[in-house]
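Okay, so here's the structure we're looking at.
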Amino acid sequence: MAQKKRIPFQDPDSETDIVAQVVLPFDKSLEISIKSIKSRFLRNMVTVTSLILAVSFLAYILIGSDITNGIYGSGQPDLMKMLEKSGYQVGGSAKERWIVILSLLVCTVGIINAQLMAVTERFREIGTMKCLGALDSFVLRLFVLEASMQGVVGSLLGALAGGVIAILLGMLRFGFDAIKFLPLSDIGISVLYSIGVGFGLSLVGVFYPALIAAKMRPIEAMRVEE
Amino acid sequence: MPDTHTIVRVTGVTKNFKLGSTNVQALKGVDLEIYAGEYLSIMGPSGSGKSTLFNMIGGLDKPTEGKVFIDEVDIAQLDAFELAWLRNRKIGYIFQTFNLIQVMTALENITLPMIFAGVHNDAAVKKGIELLDLVGLHKRYNHKPQELSGGQQQRVAIARSLANDPAIILADEPTGNLDLSTGEEIIKLMSALSKERGVTIITATHDYKMLNASDRVVWIEDGLVKKVENRDQLNIDVGCIRMA
Ligand SMILES: Nc1ncnc2c1ncn2[C@@H]1O[C@H](COP(=O)(O)OP(=O)(O)OP(=O)(O)O)[C@@H](O)[C@H]1O
Ligand SMILES: [Mg+2]
């Protein structure tokens with residue numbers, strides 16, 4: 001991101017240009033983000049927990065339906081009867097889908113709220129960085145990086161928890177047949193899908209707050225707390 | 001003072017703030033020339049417009065009317081990138097509330113502007129340590145701001161403001177949150193730095209101790225420059241204040 005151009009402050013006749021760059025290298029951004037996350041560990045854990053809950057619910061529903069689909073596809077009459085009794089529908093029920101979508105929505109709103117609070121709390125820090133020469137993009141990058149790290153952790157843990165719970169409950173219902181007819185590729189896809197959705201949600205959640213932070217003028221940041 | 005060229009030129013600057021339906025005019029037409037290498041104090045009662053003027057000079061806010069030139073460049077004409085460059089290289093800021101970044105150590109606070117300037121990490125750390133030594137904070141490199149006293153935090157902030165060898169240091173009430181003797185030390189440090197390094201220092205204050213260190217004092221009242229005094233004219237005034 002090293003930009004080079006002539007800065008108006010140099011002597012117009014000078015041969016050599018002042019190196020006009022304002023940069024924040026990636027490893028430094030990462031270092032700062034990790035520091036921020038550590039210093040606000042508890043609050044970050046709350047955000048991550050809400051993500052874990054939502055993603056684990058999604059993974060639970062997806063893998064649960066992988067299990068029933070596997071059993072449905074097995075063609076074994078006694079198992080099919082059990083399924084029918086429990087009201088199985090191919091492709092999962094609409095109600096389930098709604099609950100999943102709702103839980104994801106609630107989670108996103110929670111993330112936006114938490115990130116907005118983080119921005120307010122860090123007004124002074126952001127303003128100071130801008131006084132030191134930070135560009136809008138640096139601030140944006142820091143927030144997105146932090147959200148990504150939260151997103152990765154939350155989604156991984158959530159997908160793992162949801163998958164384990166779904167398989168355990170499946171085994172409770174169908175015994176070992178639950179995993180016998182369960183294709184590994186289906187689980188893989190469901191887990192990846194859950195992780196992807198979780199990660200996406202944290203990015204969607206941070207987008208608006210990060211934009212506010214990035215656009216903030218240093219003077220506004222300096223005025224707070226007077 | 002060798003080669004006294006003008007580094008900051010303020011011409012006809014006014015600033016209006018809209019507060020609901022009322023209009024507050026914080027600056028009512030300020031003209032000011034600040035010379036390279038001088039230590040300039042801006043004095044005035046609370047609410048007279050010192051901070052507002054500072055923010056204009058520092059490129060943190062735009063005047064309603066009038067212009068601010070730094071090195072004869074009209075800073076209203078700069079784009080976002082050039083402004084960031086200006087804040088990064090040309091100007092060092094010192095705040096009343098120190099404004100160190102709490103999650104970073106003293107040393108990291110000082111290296112941050114150098115990192116922004118594209119300085120290699122090792123070089124930044126080396127210079128950061130030199131600067132911390134310069135402001136008298138030996139062996140405090142890895143302390144977080146919360147672990148430092150107010151005076152020590154302000155020293156870190158001074159070191160940080162020097163990180164990229166700026167031409168101008170803007171200090172808005174740098175001693176406002178410090179006790180008397182600590183404030184005095186900070187002022188001594190700043191005036192020594194201005195002499196040694198030839199940095200232009202501009203401070204706002206209600207602190208009369210600041211006057212002794214200043215080359216010139218600008219008195220502001222109610223958004224207007226009331227008078228500008230050189231150091232030799234000053235002593236008389238300081239005497240009067242002491243007697244009063
Ligand atoms: N953002 C703002 N919105 C509205 N009014 C403002 C704003 N900033 C400053 N003012 C007004 O402008 C005037 C000058 O304020 P300023 O902060 O420049 O004073 P000051 O000389 O720095 O005072 P102090 O010594 O208390 O710091 C005040 O009347 C203040 O109320
Ligand atoms: Mg002020």
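Every chain in the structure tokens takes a letter, A first, then B, and so on in the order presented; its residues are numbered from 1, and the ligands are numbered from 1 following the presented order.
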From a DSSP calculation on the backbone, collect every residue of segment 113-201 of chain B in helix (DSSP H, G or I) and output the set as a short mmCIF file (atom, residue, chain, number, x, y, z; two decimals) with N, CA, C and O atoms, in the first residue's frame.
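What landed in out-v3.cif:
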data_model
loop_
_atom_site.label_atom_id
_atom_site.label_comp_id
_atom_site.auth_asym_id
_atom_site.auth_seq_id
_atom_site.Cartn_x
_atom_site.Cartn_y
_atom_site.Cartn_z
N PRO B 113 3.98 6.20 15.21
CA PRO B 113 4.07 7.17 14.10
C PRO B 113 5.21 6.87 13.13
O PRO B 113 5.11 7.17 11.94
N MET B 114 6.27 6.25 13.64
CA MET B 114 7.37 5.90 12.74
C MET B 114 6.98 4.74 11.83
O MET B 114 7.34 4.72 10.66
N ILE B 115 6.22 3.80 12.39
CA ILE B 115 5.73 2.70 11.57
C ILE B 115 4.85 3.26 10.45
O ILE B 115 4.99 2.89 9.29
N PHE B 116 3.96 4.20 10.82
CA PHE B 116 3.12 4.84 9.80
C PHE B 116 3.99 5.50 8.72
O PHE B 116 3.62 5.54 7.56
N ASN B 121 10.97 -1.55 11.46
CA ASN B 121 10.68 -1.76 12.88
C ASN B 121 11.91 -1.61 13.78
O ASN B 121 11.85 -0.95 14.82
N ASP B 122 13.03 -2.21 13.39
CA ASP B 122 14.22 -2.16 14.25
C ASP B 122 14.71 -0.72 14.40
O ASP B 122 15.07 -0.29 15.50
N ALA B 123 14.69 0.01 13.30
CA ALA B 123 15.13 1.40 13.35
C ALA B 123 14.19 2.22 14.23
O ALA B 123 14.62 3.08 15.00
N ALA B 124 12.89 1.91 14.12
CA ALA B 124 11.90 2.64 14.93
C ALA B 124 12.12 2.37 16.41
O ALA B 124 12.06 3.28 17.23
N VAL B 125 12.38 1.11 16.74
CA VAL B 125 12.60 0.76 18.15
C VAL B 125 13.85 1.46 18.67
O VAL B 125 13.85 2.03 19.77
N LYS B 126 14.89 1.48 17.87
CA LYS B 126 16.15 2.12 18.29
C LYS B 126 15.91 3.60 18.57
O LYS B 126 16.29 4.12 19.62
N LYS B 127 15.24 4.25 17.64
CA LYS B 127 14.98 5.67 17.83
C LYS B 127 14.02 5.92 18.99
O LYS B 127 14.15 6.88 19.74
N GLY B 128 13.04 5.00 19.14
CA GLY B 128 12.09 5.12 20.24
C GLY B 128 12.80 5.11 21.57
O GLY B 128 12.49 5.90 22.48
N ILE B 129 13.78 4.20 21.71
CA ILE B 129 14.53 4.11 22.96
C ILE B 129 15.34 5.38 23.19
O ILE B 129 15.38 5.93 24.30
N GLU B 130 15.94 5.89 22.12
CA GLU B 130 16.69 7.15 22.24
C GLU B 130 15.79 8.28 22.72
O GLU B 130 16.16 9.06 23.60
N LEU B 131 14.59 8.32 22.14
CA LEU B 131 13.68 9.41 22.51
C LEU B 131 13.22 9.28 23.95
O LEU B 131 13.09 10.27 24.67
N LEU B 132 12.96 8.04 24.37
CA LEU B 132 12.55 7.84 25.77
C LEU B 132 13.66 8.25 26.72
O LEU B 132 13.41 8.82 27.78
N ASP B 133 14.90 7.96 26.34
CA ASP B 133 16.03 8.41 27.16
C ASP B 133 16.09 9.93 27.19
O ASP B 133 16.32 10.54 28.22
N LEU B 134 15.85 10.52 26.03
CA LEU B 134 15.92 11.97 25.90
C LEU B 134 14.94 12.66 26.84
O LEU B 134 15.25 13.70 27.43
N PRO B 145 0.68 2.71 29.65
CA PRO B 145 0.36 4.04 30.18
C PRO B 145 -0.23 4.01 31.59
O PRO B 145 0.11 4.87 32.40
N GLN B 146 -1.10 3.03 31.88
CA GLN B 146 -1.72 3.01 33.21
C GLN B 146 -0.68 2.85 34.32
O GLN B 146 -0.94 3.17 35.47
N GLU B 147 0.47 2.30 33.96
CA GLU B 147 1.49 2.05 34.98
C GLU B 147 2.42 3.25 35.17
O GLU B 147 3.37 3.17 35.92
N GLY B 150 1.12 10.70 35.63
CA GLY B 150 0.72 11.69 34.63
C GLY B 150 1.92 12.35 33.97
O GLY B 150 1.99 12.48 32.74
N GLY B 151 2.88 12.76 34.78
CA GLY B 151 4.07 13.42 34.24
C GLY B 151 4.85 12.49 33.32
O GLY B 151 5.34 12.91 32.26
N GLN B 152 4.95 11.23 33.74
CA GLN B 152 5.66 10.27 32.89
C GLN B 152 4.92 10.03 31.58
O GLN B 152 5.52 9.93 30.52
N GLN B 153 3.59 9.96 31.69
CA GLN B 153 2.81 9.77 30.46
C GLN B 153 3.02 10.94 29.51
O GLN B 153 3.15 10.76 28.30
N GLN B 154 3.06 12.16 30.08
CA GLN B 154 3.24 13.31 29.21
C GLN B 154 4.64 13.30 28.59
O GLN B 154 4.82 13.73 27.46
N ARG B 155 5.62 12.77 29.31
CA ARG B 155 6.95 12.64 28.72
C ARG B 155 6.93 11.66 27.54
O ARG B 155 7.57 11.90 26.51
N VAL B 156 6.20 10.58 27.72
CA VAL B 156 6.07 9.63 26.61
C VAL B 156 5.42 10.33 25.42
O VAL B 156 5.85 10.20 24.27
N ALA B 157 4.39 11.12 25.72
CA ALA B 157 3.68 11.82 24.65
C ALA B 157 4.61 12.81 23.95
O ALA B 157 4.55 12.98 22.73
N ILE B 158 5.49 13.45 24.71
CA ILE B 158 6.45 14.38 24.10
C ILE B 158 7.41 13.60 23.20
O ILE B 158 7.68 14.00 22.06
N ALA B 159 7.89 12.47 23.71
CA ALA B 159 8.77 11.64 22.89
C ALA B 159 8.06 11.20 21.62
O ALA B 159 8.63 11.21 20.52
N ARG B 160 6.80 10.84 21.75
CA ARG B 160 6.03 10.41 20.59
C ARG B 160 5.88 11.55 19.58
O ARG B 160 5.98 11.33 18.37
N SER B 161 5.66 12.76 20.11
CA SER B 161 5.47 13.88 19.18
C SER B 161 6.74 14.16 18.38
O SER B 161 6.69 14.73 17.30
N LEU B 180 1.82 21.31 39.91
CA LEU B 180 2.68 22.45 39.61
C LEU B 180 4.10 22.07 39.22
O LEU B 180 4.59 22.47 38.17
N SER B 181 4.76 21.26 40.07
CA SER B 181 6.18 21.01 39.81
C SER B 181 6.35 20.10 38.59
O SER B 181 7.26 20.30 37.79
N THR B 182 5.45 19.13 38.44
CA THR B 182 5.54 18.27 37.26
C THR B 182 5.32 19.09 36.01
O THR B 182 6.02 18.93 35.00
N GLY B 183 4.35 20.00 36.08
CA GLY B 183 4.08 20.87 34.94
C GLY B 183 5.31 21.68 34.57
O GLY B 183 5.66 21.83 33.40
N GLU B 184 5.99 22.17 35.60
CA GLU B 184 7.18 22.98 35.37
C GLU B 184 8.26 22.16 34.66
O GLU B 184 8.93 22.64 33.75
N GLU B 185 8.43 20.90 35.12
CA GLU B 185 9.42 20.02 34.48
C GLU B 185 9.09 19.81 33.00
O GLU B 185 9.98 19.83 32.15
N ILE B 186 7.80 19.60 32.74
CA ILE B 186 7.39 19.36 31.36
C ILE B 186 7.69 20.59 30.50
O ILE B 186 8.18 20.50 29.38
N ILE B 187 7.41 21.77 31.07
CA ILE B 187 7.67 23.00 30.31
C ILE B 187 9.16 23.16 30.03
O ILE B 187 9.57 23.50 28.92
N LYS B 188 9.98 22.88 31.06
CA LYS B 188 11.43 22.96 30.88
C LYS B 188 11.88 22.03 29.77
O LYS B 188 12.69 22.39 28.92
N LEU B 189 11.34 20.83 29.82
CA LEU B 189 11.71 19.84 28.81
C LEU B 189 11.34 20.33 27.41
O LEU B 189 12.15 20.28 26.48
N MET B 190 10.14 20.87 27.29
CA MET B 190 9.71 21.33 25.96
C MET B 190 10.55 22.48 25.48
O MET B 190 10.91 22.55 24.29
N SER B 191 10.87 23.39 26.39
CA SER B 191 11.63 24.55 25.92
C SER B 191 13.06 24.14 25.58
O SER B 191 13.65 24.64 24.62
N ALA B 192 13.61 23.18 26.34
CA ALA B 192 14.94 22.68 26.01
C ALA B 192 14.93 22.01 24.63
O ALA B 192 15.84 22.21 23.81
N LEU B 193 13.88 21.24 24.38
CA LEU B 193 13.79 20.54 23.09
C LEU B 193 13.69 21.54 21.94
O LEU B 193 14.27 21.33 20.87
N SER B 194 12.93 22.60 22.20
CA SER B 194 12.78 23.57 21.11
C SER B 194 14.11 24.24 20.80
O SER B 194 14.45 24.50 19.65
N LYS B 195 14.91 24.50 21.85
CA LYS B 195 16.22 25.12 21.63
C LYS B 195 17.17 24.15 20.92
O LYS B 195 17.82 24.49 19.94
N GLU B 196 17.22 22.90 21.44
CA GLU B 196 18.19 21.93 20.91
C GLU B 196 17.85 21.50 19.49
O GLU B 196 18.73 21.30 18.66
N ARG B 197 16.59 21.29 19.24
CA ARG B 197 16.20 20.67 17.99
C ARG B 197 15.65 21.65 16.98
O ARG B 197 15.34 21.27 15.85
#
Return the neighbours of chain B among the residues of chain A, cut-off 9 Å, counting only C-alpha atoms, as number ranges by chain.
A: 2, 7-9, 20-25, 28, 32, 35-36, 38-39, 124-126, 128-136, 217-219, 222
Can I get the selection written as a compact mmCIF listing (two decimals), in the first residue's frame, with N, CA, C and O atoms?
# COMPACT_ATOMS: atom_id res chain seq x y z
N ALA A 2 2.12 1.10 -0.25
CA ALA A 2 2.99 2.27 -0.24
C ALA A 2 2.64 3.16 -1.42
O ALA A 2 2.85 2.80 -2.57
N ILE A 7 4.40 15.42 -2.55
CA ILE A 7 3.66 16.07 -1.48
C ILE A 7 3.85 17.58 -1.67
O ILE A 7 4.93 18.03 -2.05
N PRO A 8 2.80 18.36 -1.44
CA PRO A 8 2.92 19.80 -1.70
C PRO A 8 4.00 20.48 -0.85
O PRO A 8 4.38 21.60 -1.15
N PHE A 9 4.47 19.82 0.21
CA PHE A 9 5.40 20.49 1.12
C PHE A 9 6.83 20.52 0.63
O PHE A 9 7.68 21.08 1.25
N ALA A 20 6.62 10.04 -0.11
CA ALA A 20 5.31 10.35 0.45
C ALA A 20 4.57 9.07 0.73
O ALA A 20 3.80 8.59 -0.08
N GLN A 21 4.84 8.49 1.87
CA GLN A 21 4.08 7.30 2.19
C GLN A 21 3.56 7.35 3.61
O GLN A 21 4.17 7.91 4.50
N VAL A 22 2.40 6.78 3.76
CA VAL A 22 1.81 6.57 5.08
C VAL A 22 1.35 5.13 5.06
O VAL A 22 0.50 4.78 4.25
N VAL A 23 1.95 4.32 5.87
CA VAL A 23 1.68 2.87 5.77
C VAL A 23 1.41 2.25 7.13
O VAL A 23 1.82 2.77 8.16
N LEU A 24 0.74 1.12 7.08
CA LEU A 24 0.63 0.26 8.26
C LEU A 24 0.78 -1.16 7.75
O LEU A 24 -0.16 -1.73 7.20
N PRO A 25 1.97 -1.74 7.89
CA PRO A 25 2.19 -3.07 7.35
C PRO A 25 1.27 -4.11 7.99
O PRO A 25 0.83 -3.90 9.13
N LYS A 28 2.04 -5.51 11.46
CA LYS A 28 1.79 -4.54 12.53
C LYS A 28 0.30 -4.44 12.83
O LYS A 28 -0.10 -4.33 13.99
N ILE A 32 -1.39 -5.13 16.46
CA ILE A 32 -2.25 -4.19 17.18
C ILE A 32 -3.61 -4.81 17.46
O ILE A 32 -4.16 -4.69 18.56
N LYS A 35 -3.47 -7.24 20.28
CA LYS A 35 -3.36 -6.51 21.54
C LYS A 35 -4.72 -5.99 22.00
O LYS A 35 -5.07 -6.11 23.17
N SER A 36 -5.46 -5.42 21.05
CA SER A 36 -6.77 -4.88 21.42
C SER A 36 -7.68 -5.98 21.90
O SER A 36 -8.42 -5.81 22.87
N LYS A 38 -6.89 -8.80 23.24
CA LYS A 38 -6.44 -9.28 24.56
C LYS A 38 -6.87 -8.32 25.65
O LYS A 38 -7.30 -8.74 26.71
N SER A 39 -6.74 -7.02 25.37
CA SER A 39 -7.00 -6.07 26.44
C SER A 39 -8.49 -5.94 26.75
O SER A 39 -8.86 -5.43 27.77
N ARG A 124 -11.26 7.78 21.48
CA ARG A 124 -10.04 8.53 21.75
C ARG A 124 -8.83 7.87 21.10
O ARG A 124 -7.98 8.53 20.52
N GLU A 125 -8.81 6.56 21.21
CA GLU A 125 -7.70 5.81 20.61
C GLU A 125 -7.67 6.00 19.09
O GLU A 125 -6.61 6.27 18.50
N ILE A 126 -8.85 5.93 18.48
CA ILE A 126 -8.91 6.09 17.03
C ILE A 126 -8.48 7.50 16.64
O ILE A 126 -7.68 7.70 15.73
N THR A 128 -6.59 9.52 18.29
CA THR A 128 -5.15 9.70 18.50
C THR A 128 -4.37 9.10 17.34
O THR A 128 -3.44 9.73 16.81
N MET A 129 -4.75 7.91 16.93
CA MET A 129 -4.07 7.29 15.79
C MET A 129 -4.16 8.19 14.56
O MET A 129 -3.20 8.32 13.81
N LYS A 130 -5.33 8.80 14.38
CA LYS A 130 -5.46 9.68 13.21
C LYS A 130 -4.59 10.91 13.33
O LYS A 130 -4.04 11.38 12.35
N CYS A 131 -4.43 11.42 14.55
CA CYS A 131 -3.53 12.54 14.75
C CYS A 131 -2.09 12.13 14.47
O CYS A 131 -1.26 12.96 14.10
N LEU A 132 -1.80 10.88 14.66
CA LEU A 132 -0.44 10.39 14.40
C LEU A 132 -0.24 10.07 12.92
O LEU A 132 0.83 9.65 12.51
N GLY A 133 -1.31 10.23 12.13
CA GLY A 133 -1.16 10.05 10.70
C GLY A 133 -1.85 8.82 10.12
O GLY A 133 -1.63 8.48 8.97
N ALA A 134 -2.69 8.16 10.92
CA ALA A 134 -3.38 6.97 10.40
C ALA A 134 -4.39 7.37 9.33
O ALA A 134 -5.09 8.36 9.47
N LEU A 135 -4.44 6.60 8.26
CA LEU A 135 -5.46 6.81 7.23
C LEU A 135 -6.73 6.08 7.64
O LEU A 135 -6.70 5.19 8.49
N ASP A 136 -7.84 6.46 7.01
CA ASP A 136 -9.11 5.78 7.29
C ASP A 136 -8.96 4.27 7.13
O ASP A 136 -9.50 3.49 7.91
N ARG A 217 -13.58 11.98 12.30
CA ARG A 217 -12.51 12.97 12.20
C ARG A 217 -11.79 13.04 13.53
O ARG A 217 -12.41 12.93 14.58
N PRO A 218 -10.48 13.24 13.50
CA PRO A 218 -9.72 13.22 14.75
C PRO A 218 -10.26 14.21 15.77
O PRO A 218 -10.28 13.94 16.96
N ILE A 219 -10.75 15.35 15.30
CA ILE A 219 -11.23 16.37 16.22
C ILE A 219 -12.42 15.88 17.04
O ILE A 219 -12.54 16.16 18.22
N MET A 222 -11.18 13.84 19.82
CA MET A 222 -10.49 14.58 20.88
C MET A 222 -11.47 15.27 21.82
O MET A 222 -11.17 15.54 22.95
Taking only C-alpha atoms and all ligand atoms and a cut-off of 8 Å, can you tell me which residues surround ligand 2, written as a PyMOL selection string?
chain B and resi 46-47+49-52+172-173+204-205
Find the residues of chain B that sit at most 12 Å from ligand 1; for each, write down the nearest two atoms and how far apart they are in Å, to one decimal. Count only C-alpha atoms and all ligand atoms. Sort by chain, then by number going up, and give it as JSON lines.
{"residue": "B:Thr14", "atom": "CA", "partner": "ligand 1", "partner_atom_place_in_ligand_line": "12 (O)", "distance": 11.0}
{"residue": "B:Lys15", "atom": "CA", "partner": "ligand 1", "partner_atom_place_in_ligand_line": "12 (O)", "distance": 8.3}
{"residue": "B:Asn16", "atom": "CA", "partner": "ligand 1", "partner_atom_place_in_ligand_line": "5 (N)", "distance": 7.8}
{"residue": "B:Phe17", "atom": "CA", "partner": "ligand 1", "partner_atom_place_in_ligand_line": "4 (C)", "distance": 4.6}
{"residue": "B:Lys18", "atom": "CA", "partner": "ligand 1", "partner_atom_place_in_ligand_line": "4 (C)", "distance": 6.2}
{"residue": "B:Leu19", "atom": "CA", "partner": "ligand 1", "partner_atom_place_in_ligand_line": "4 (C)", "distance": 5.8}
{"residue": "B:Gly20", "atom": "CA", "partner": "ligand 1", "partner_atom_place_in_ligand_line": "4 (C)", "distance": 9.4}
{"residue": "B:Ser21", "atom": "CA", "partner": "ligand 1", "partner_atom_place_in_ligand_line": "4 (C)", "distance": 11.5}
{"residue": "B:Thr22", "atom": "CA", "partner": "ligand 1", "partner_atom_place_in_ligand_line": "4 (C)", "distance": 9.7}
{"residue": "B:Asn23", "atom": "CA", "partner": "ligand 1", "partner_atom_place_in_ligand_line": "4 (C)", "distance": 8.4}
{"residue": "B:Val24", "atom": "CA", "partner": "ligand 1", "partner_atom_place_in_ligand_line": "5 (N)", "distance": 6.1}
{"residue": "B:Gln25", "atom": "CA", "partner": "ligand 1", "partner_atom_place_in_ligand_line": "12 (O)", "distance": 6.6}
{"residue": "B:Ala26", "atom": "CA", "partner": "ligand 1", "partner_atom_place_in_ligand_line": "12 (O)", "distance": 4.0}
{"residue": "B:Leu27", "atom": "CA", "partner": "ligand 1", "partner_atom_place_in_ligand_line": "14 (C)", "distance": 7.4}
{"residue": "B:Lys28", "atom": "CA", "partner": "ligand 1", "partner_atom_place_in_ligand_line": "13 (C)", "distance": 10.6}
{"residue": "B:Ile42", "atom": "CA", "partner": "ligand 1", "partner_atom_place_in_ligand_line": "21 (O)", "distance": 9.1}
{"residue": "B:Met43", "atom": "CA", "partner": "ligand 1", "partner_atom_place_in_ligand_line": "21 (O)", "distance": 8.2}
{"residue": "B:Gly44", "atom": "CA", "partner": "ligand 1", "partner_atom_place_in_ligand_line": "21 (O)", "distance": 6.3}
{"residue": "B:Pro45", "atom": "CA", "partner": "ligand 1", "partner_atom_place_in_ligand_line": "25 (O)", "distance": 5.8}
{"residue": "B:Ser46", "atom": "CA", "partner": "ligand 1", "partner_atom_place_in_ligand_line": "25 (O)", "distance": 3.5}
{"residue": "B:Gly47", "atom": "CA", "partner": "ligand 1", "partner_atom_place_in_ligand_line": "19 (O)", "distance": 3.4}
{"residue": "B:Ser48", "atom": "CA", "partner": "ligand 1", "partner_atom_place_in_ligand_line": "21 (O)", "distance": 3.9}
{"residue": "B:Gly49", "atom": "CA", "partner": "ligand 1", "partner_atom_place_in_ligand_line": "18 (O)", "distance": 3.1}
{"residue": "B:Lys50", "atom": "CA", "partner": "ligand 1", "partner_atom_place_in_ligand_line": "21 (O)", "distance": 3.7}
{"residue": "B:Ser51", "atom": "CA", "partner": "ligand 1", "partner_atom_place_in_ligand_line": "22 (O)", "distance": 3.6}
{"residue": "B:Thr52", "atom": "CA", "partner": "ligand 1", "partner_atom_place_in_ligand_line": "18 (O)", "distance": 3.7}
{"residue": "B:Leu53", "atom": "CA", "partner": "ligand 1", "partner_atom_place_in_ligand_line": "18 (O)", "distance": 6.4}
{"residue": "B:Phe54", "atom": "CA", "partner": "ligand 1", "partner_atom_place_in_ligand_line": "18 (O)", "distance": 7.9}
{"residue": "B:Asn55", "atom": "CA", "partner": "ligand 1", "partner_atom_place_in_ligand_line": "18 (O)", "distance": 8.5}
{"residue": "B:Met56", "atom": "CA", "partner": "ligand 1", "partner_atom_place_in_ligand_line": "18 (O)", "distance": 10.2}
{"residue": "B:Leu60", "atom": "CA", "partner": "ligand 1", "partner_atom_place_in_ligand_line": "1 (N)", "distance": 11.8}
{"residue": "B:Asp61", "atom": "CA", "partner": "ligand 1", "partner_atom_place_in_ligand_line": "1 (N)", "distance": 9.8}
{"residue": "B:Lys62", "atom": "CA", "partner": "ligand 1", "partner_atom_place_in_ligand_line": "1 (N)", "distance": 11.8}
{"residue": "B:Phe95", "atom": "CA", "partner": "ligand 1", "partner_atom_place_in_ligand_line": "27 (O)", "distance": 11.2}
{"residue": "B:Gln96", "atom": "CA", "partner": "ligand 1", "partner_atom_place_in_ligand_line": "27 (O)", "distance": 9.4}
{"residue": "B:Thr97", "atom": "CA", "partner": "ligand 1", "partner_atom_place_in_ligand_line": "27 (O)", "distance": 11.9}
{"residue": "B:Ala171", "atom": "CA", "partner": "ligand 1", "partner_atom_place_in_ligand_line": "22 (O)", "distance": 11.5}
{"residue": "B:Asp172", "atom": "CA", "partner": "ligand 1", "partner_atom_place_in_ligand_line": "22 (O)", "distance": 7.9}
{"residue": "B:Glu173", "atom": "CA", "partner": "ligand 1", "partner_atom_place_in_ligand_line": "27 (O)", "distance": 7.5}
{"residue": "B:Pro174", "atom": "CA", "partner": "ligand 1", "partner_atom_place_in_ligand_line": "27 (O)", "distance": 11.0}
{"residue": "B:Thr175", "atom": "CA", "partner": "ligand 1", "partner_atom_place_in_ligand_line": "27 (O)", "distance": 11.9}
{"residue": "B:Gly176", "atom": "CA", "partner": "ligand 1", "partner_atom_place_in_ligand_line": "27 (O)", "distance": 9.3}
{"residue": "B:Asn177", "atom": "CA", "partner": "ligand 1", "partner_atom_place_in_ligand_line": "27 (O)", "distance": 12.0}
{"residue": "B:Thr203", "atom": "CA", "partner": "ligand 1", "partner_atom_place_in_ligand_line": "22 (O)", "distance": 11.0}
{"residue": "B:Ala204", "atom": "CA", "partner": "ligand 1", "partner_atom_place_in_ligand_line": "22 (O)", "distance": 7.6}
{"residue": "B:Thr205", "atom": "CA", "partner": "ligand 1", "partner_atom_place_in_ligand_line": "25 (O)", "distance": 6.8}
{"residue": "B:His206", "atom": "CA", "partner": "ligand 1", "partner_atom_place_in_ligand_line": "25 (O)", "distance": 6.6}
{"residue": "B:Asp207", "atom": "CA", "partner": "ligand 1", "partner_atom_place_in_ligand_line": "25 (O)", "distance": 10.0}
{"residue": "B:Trp219", "atom": "CA", "partner": "ligand 1", "partner_atom_place_in_ligand_line": "21 (O)", "distance": 10.5}
{"residue": "B:Ile220", "atom": "CA", "partner": "ligand 1", "partner_atom_place_in_ligand_line": "21 (O)", "distance": 8.0}
{"residue": "B:Glu221", "atom": "CA", "partner": "ligand 1", "partner_atom_place_in_ligand_line": "21 (O)", "distance": 8.3}
{"residue": "B:Asp222", "atom": "CA", "partner": "ligand 1", "partner_atom_place_in_ligand_line": "14 (C)", "distance": 7.8}
{"residue": "B:Gly223", "atom": "CA", "partner": "ligand 1", "partner_atom_place_in_ligand_line": "14 (C)", "distance": 7.2}
{"residue": "B:Leu224", "atom": "CA", "partner": "ligand 1", "partner_atom_place_in_ligand_line": "21 (O)", "distance": 10.8}
{"residue": "B:Val225", "atom": "CA", "partner": "ligand 1", "partner_atom_place_in_ligand_line": "21 (O)", "distance": 11.7}
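For the atom pair formed by atom CA of Val100 of chain A and atom CA of Ile71 of chain A, the distance is 22.6 Å, given to one decimal.
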Record the distance separating atom CA of Leu140 of chain A and atom CA of Asp27 of chain A, expressed in Å with one decimal.
15.3 Å
I want to know what sits within 6 Å of segment 59-69 of chain A, based on only C-alpha atoms, with residues of the same chain fewer than 2 positions away left out; could you give that as a VMD selection string?
chain A and resid 56 to 57 71 to 72 159 162 to 163 166 178 182 190 194
Point-to-point distance from atom CA of Asp215 of chain B to atom CA of Ser41 of chain B, Å rounded to tenths
8.0 Å
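Of the listed residues (B:Gly198, B:Ala76, B:Glu38, B:Ile169), B:Ala76 comes nearest to Val10 of chain B; the distances count only C-alpha atoms.
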